[in-house]
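J.: Below you will find the structure I want to go over with you.
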Amino acid sequence: MHVTLANPVDAPQPLGPYSQVARVPLADGHALLYVSGQIAEGDGIAEQSRGVFEALAALLAAYGATLGDIINIRTFLTDMDDLPGYAAVRRSYLTGTPPTSTTVEVARLFRPEARIEVEVVAASSGSRTEADREPP
């Protein structure tokens, strides 16, 4: 099995030295995409949630996938009272059958101002793309 670790050049770049996407090819030409936890700037949970979903959409697009291809989503909130605000934004981005999911409350995240972090696993029918290449 060949696993590709990458930071797609056309997507938001990570805040630290890590790979944002692990692409695991399947025998039928499809792939599983493991997208690391994404955070976003913003004053409230709705703004940060929108930023997270925009980043996820860009990362998935680099591999020929969409938010509709998400099969598992893990959400980390620093305050479970933010769940209704996050859920409303999530429903506006994930309009089909909801993926499997886990939501947990954590004491804090990597960045002190972050209120939410989301990581996903998605299925991609796309072949290798520019995202598989190392950035210049």
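Residues are named by chain letter and number: chains run A, B, ... in the order of the structure tokens, numbers start at 1 in each chain, and ligands are numbered from 1 in the order shown.
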Do a neighbour search on A:Ala46 at 12 Å with only C-alpha atoms, toss out local chain neighbours closer than 2 positions, and write the hits as a list in words.
T.: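 The residues that qualify are Ala40, Glu41, Gly42, Asp43, Gly44, Gln48, Ser49, Arg50, Gly51, Val52, Phe53, Asp82, Leu83, Pro84, Gly85, Tyr86, Ala87, Ala88, Val89, Arg90, Arg91, Ser92, Ala114, Arg115 and Ile116 of chain A.
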J.: Keeping only N, CA, C and O atoms, write those residues as a CSV table (one decimal), in the first residue's frame.
T.:
```
chain,number,residue,atom,x,y,z
A,40,ALA,N,-10.1,27.4,12.5
A,40,ALA,CA,-10.2,28.6,11.7
A,40,ALA,C,-10.3,29.8,12.6
A,40,ALA,O,-10.7,29.7,13.8
A,41,GLU,N,-10.0,30.9,12.1
A,41,GLU,CA,-10.1,32.2,12.9
A,41,GLU,C,-11.5,32.6,12.9
A,41,GLU,O,-12.3,32.3,12.0
A,42,GLY,N,-11.9,33.4,13.8
A,42,GLY,CA,-13.2,34.0,13.9
A,42,GLY,C,-13.6,34.3,15.3
A,42,GLY,O,-13.0,33.7,16.3
A,43,ASP,N,-14.6,35.2,15.5
A,43,ASP,CA,-15.0,35.6,16.8
A,43,ASP,C,-15.9,34.6,17.5
A,43,ASP,O,-15.9,34.4,18.7
A,44,GLY,N,-16.8,34.0,16.7
A,44,GLY,CA,-17.7,33.1,17.4
A,44,GLY,C,-17.7,31.7,16.7
A,44,GLY,O,-17.0,31.4,15.8
A,48,GLN,N,-16.1,30.5,13.1
A,48,GLN,CA,-15.0,29.5,13.1
A,48,GLN,C,-15.5,28.2,12.4
A,48,GLN,O,-14.7,27.6,11.6
A,49,SER,N,-16.7,27.8,12.6
A,49,SER,CA,-17.3,26.6,11.9
A,49,SER,C,-17.3,26.8,10.4
A,49,SER,O,-16.9,25.8,9.7
A,50,ARG,N,-17.7,27.9,9.9
A,50,ARG,CA,-17.7,28.2,8.5
A,50,ARG,C,-16.3,28.1,7.9
A,50,ARG,O,-16.1,27.5,6.9
A,51,GLY,N,-15.4,28.7,8.6
A,51,GLY,CA,-14.0,28.6,8.2
A,51,GLY,C,-13.4,27.2,8.1
A,51,GLY,O,-12.7,26.9,7.2
A,52,VAL,N,-13.8,26.4,9.1
A,52,VAL,CA,-13.4,25.0,9.1
A,52,VAL,C,-13.9,24.3,7.9
A,52,VAL,O,-13.2,23.6,7.2
A,53,PHE,N,-15.2,24.4,7.6
A,53,PHE,CA,-15.8,23.7,6.5
A,53,PHE,C,-15.3,24.2,5.1
A,53,PHE,O,-15.1,23.5,4.2
A,82,ASP,N,-21.6,25.3,22.6
A,82,ASP,CA,-21.5,25.8,21.2
A,82,ASP,C,-22.0,24.8,20.2
A,82,ASP,O,-22.1,25.1,19.0
A,83,LEU,N,-22.5,23.6,20.6
A,83,LEU,CA,-23.0,22.6,19.7
A,83,LEU,C,-24.1,23.1,18.8
A,83,LEU,O,-24.1,22.8,17.6
A,84,PRO,N,-25.1,23.8,19.3
A,84,PRO,CA,-26.2,24.2,18.4
A,84,PRO,C,-25.7,25.1,17.3
A,84,PRO,O,-26.1,25.0,16.2
A,85,GLY,N,-24.8,26.0,17.6
A,85,GLY,CA,-24.3,26.9,16.6
A,85,GLY,C,-23.5,26.2,15.6
A,85,GLY,O,-23.6,26.4,14.4
A,86,TYR,N,-22.6,25.2,16.0
A,86,TYR,CA,-21.9,24.4,15.1
A,86,TYR,C,-22.8,23.5,14.2
A,86,TYR,O,-22.6,23.4,13.0
A,87,ALA,N,-23.8,22.9,14.9
A,87,ALA,CA,-24.7,22.0,14.2
A,87,ALA,C,-25.4,22.7,13.1
A,87,ALA,O,-25.6,22.2,12.0
A,88,ALA,N,-25.8,24.0,13.3
A,88,ALA,CA,-26.5,24.7,12.2
A,88,ALA,C,-25.6,25.0,11.0
A,88,ALA,O,-26.0,24.8,9.9
A,89,VAL,N,-24.4,25.3,11.3
A,89,VAL,CA,-23.4,25.5,10.2
A,89,VAL,C,-23.1,24.2,9.5
A,89,VAL,O,-23.1,24.1,8.3
A,90,ARG,N,-22.9,23.2,10.3
A,90,ARG,CA,-22.7,21.9,9.7
A,90,ARG,C,-23.8,21.4,8.7
A,90,ARG,O,-23.5,20.9,7.6
A,91,ARG,N,-25.0,21.6,9.2
A,91,ARG,CA,-26.2,21.2,8.3
A,91,ARG,C,-26.2,22.0,7.0
A,91,ARG,O,-26.7,21.5,6.0
A,92,SER,N,-25.7,23.3,7.0
A,92,SER,CA,-25.7,24.1,5.8
A,92,SER,C,-24.6,23.6,4.8
A,92,SER,O,-24.8,23.8,3.6
A,114,ALA,N,-9.1,29.1,19.4
A,114,ALA,CA,-9.9,28.1,18.7
A,114,ALA,C,-11.0,27.5,19.6
A,114,ALA,O,-10.7,27.1,20.7
A,115,ARG,N,-12.2,27.5,19.1
A,115,ARG,CA,-13.3,26.9,19.9
A,115,ARG,C,-13.7,25.6,19.3
A,115,ARG,O,-14.5,24.8,19.9
A,116,ILE,N,-13.2,25.3,18.1
A,116,ILE,CA,-13.7,24.1,17.4
A,116,ILE,C,-12.5,23.5,16.5
A,116,ILE,O,-11.8,24.3,16.0
```
J.: Please identify the strand (DSSP E or B) residues within chain A (assignment by DSSP from backbone atoms) and present them as a PyMOL selection string.
T.: chain A and resi 4-6+21-25+31-38+70-77+100-105+116-124
J.: For those residues, write C-alpha atoms to a file as a tab-separated table (two decimals), in the first residue's frame.
T.:
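As a result, out_17.tsv now contains:
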```tsv
chain	number	residue	atom	x	y	z
A	4	THR	CA	0.64	9.82	0.22
A	5	LEU	CA	1.01	12.56	2.83
A	6	ALA	CA	0.57	16.08	1.52
A	21	VAL	CA	-4.13	14.89	4.13
A	22	ALA	CA	-3.19	11.23	4.04
A	23	ARG	CA	-4.38	9.56	0.82
A	24	VAL	CA	-4.71	5.78	0.95
A	25	PRO	CA	-5.38	4.24	-2.48
A	31	ALA	CA	-8.99	6.33	-2.23
A	32	LEU	CA	-9.65	7.12	1.40
A	33	LEU	CA	-8.66	10.61	2.50
A	34	TYR	CA	-7.77	11.22	6.12
A	35	VAL	CA	-7.88	14.98	6.76
A	36	SER	CA	-6.21	16.28	9.89
A	37	GLY	CA	-8.07	18.49	12.34
A	38	GLN	CA	-8.87	21.93	10.95
A	70	ILE	CA	-17.22	12.62	3.99
A	71	ILE	CA	-17.88	9.28	5.65
A	72	ASN	CA	-16.72	10.12	9.18
A	73	ILE	CA	-16.38	13.40	11.03
A	74	ARG	CA	-14.87	14.05	14.44
A	75	THR	CA	-15.57	17.35	16.13
A	76	PHE	CA	-13.78	18.77	19.16
A	77	LEU	CA	-15.49	21.67	20.97
A	100	THR	CA	-20.89	8.89	11.01
A	101	SER	CA	-19.70	11.27	13.67
A	102	THR	CA	-18.29	11.85	17.11
A	103	THR	CA	-18.39	15.13	19.01
A	104	VAL	CA	-16.42	15.62	22.20
A	105	GLU	CA	-15.72	18.47	24.56
A	116	ILE	CA	-13.66	24.07	17.40
A	117	GLU	CA	-11.53	21.56	15.50
A	118	VAL	CA	-12.86	19.11	12.91
A	119	GLU	CA	-11.16	16.15	11.25
A	120	VAL	CA	-12.70	13.92	8.60
A	121	VAL	CA	-12.32	10.74	6.59
A	122	ALA	CA	-13.67	10.92	3.04
A	123	ALA	CA	-13.94	8.58	0.08
A	124	SER	CA	-12.56	9.87	-3.20
```
J.: What gap, in Å, lies between atom CA of A:Glu113 and atom CA of A:Ile39?
T.: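 A separation of 9.8 Å between them.
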J.: Which residue gives the smallest distance to A:Thr97 among A:Leu67, A:Ala61, A:Asn7, A:Leu15, with only C-alpha atoms counted?
T.: A:Leu67
J.: Ranking A:His30, A:Thr78, A:Pro99, A:His2 by minimum distance to A:Ala65 and counting only C-alpha atoms, which one comes first?
T.: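 Under the stated criterion, the closest residue is A:His30.
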J.: Enumerate as number ranges by chain all residues of stretch 11-112 of chain A assigned to alpha helix (DSSP H) by DSSP on the backbone, naming them with the chain letters and numbers the document uses.
T.: A: 45-61, 83-93
